[in-house]
Amino acid sequence: MSFLEGMMGTRIKIKVEFEEYEVSNESVTAPSKEDDGSFVIELPAAFEGDIDMCEEAVLAANYPAIREAISQHLERISKKKQKSETES
C-alpha cells in the first residue's frame with residue numbers, strides 16, 4: 001500500500017501532462033517556462049527513439065514545474081491558514 005492509499009479527508013489533485021510535437025528550430029536542451037506556465041524541453045530528433053534520453057528530458061522538464069507547483073500550493077495553504085487564524 002502506498003502512503004496515499006490510507007489517507008482520508010479532503011484531497012488535492014495533481015496533474016502532469018506530456019505532449020510531443022515536432023519543432024523546426026534548433027533544440028534547447030534546458031527546461032524553459034512557457035507563457036502559459038508550463039515547462040518545456042526540446043530534444044534533438046536523433047534522440048526521439050532513445051528511451052533513456054526521452055526519460056531524462058521529461059524528468060528535467062518536470063522538476064522545475066513540480067517545484068513551482070508545490071511552492072504555489074504551499075503559499076496558498078499558508079495564506080489560507082493565516083486568514084483562518086486572524087478570523088478566529
# chains A, B, ... in the order shown; residues from 1 in each chain; ligands from 1
call {"tool": "residues_around", "arguments": {"residues": "region 68-74 of chain A", "least_positions_apart": "2", "cutoff": "12 Å", "atoms": "only C-alpha atoms", "output": "list in words"}}
result
Ile12, Lys13, Ile14, Lys15, Val16, Lys33, Gly37, Ser38, Phe39, Ala61, Asn62, Tyr63, Pro64, Ala65, Ile66, Arg76, Ile77, Ser78, Lys79, Lys80 and Lys81 of chain A
call {"tool": "closest_residue", "arguments": {"among": "A:Ala30, A:Tyr21, A:Lys83, A:Glu75", "to": "Ala57 (chain A)", "atoms": "only C-alpha atoms"}}
result
A:Ala30
call {"tool": "select_by_dssp", "arguments": {"residues": "region 3-76 of chain A", "states": "strand (DSSP E or B)", "output": "compact mmCIF listing (two decimals) with N, CA and C atoms, in the first residue's frame"}}
result
# COMPACT_ATOMS: atom_id res chain seq x y z
N SER A 32 12.59 25.32 -20.10
CA SER A 32 12.22 26.74 -20.10
C SER A 32 10.73 26.85 -19.83
N LYS A 33 10.35 27.98 -19.25
CA LYS A 33 8.96 28.21 -18.89
C LYS A 33 8.24 28.91 -20.04
N PHE A 39 6.32 24.04 -18.49
CA PHE A 39 7.75 23.97 -18.73
C PHE A 39 7.99 23.02 -19.90
N VAL A 40 8.93 23.37 -20.76
CA VAL A 40 9.23 22.55 -21.93
C VAL A 40 10.73 22.31 -22.04
call {"tool": "select_by_dssp", "arguments": {"residues": "chain A", "states": "alpha helix (DSSP H)", "output": "count of residues only"}}
result
37
call {"tool": "closest_residue", "arguments": {"among": "A:Glu56, A:Pro44, A:Gln82, A:Asp35", "to": "Glu22 (chain A)", "atoms": "only C-alpha atoms"}}
result
A:Pro44
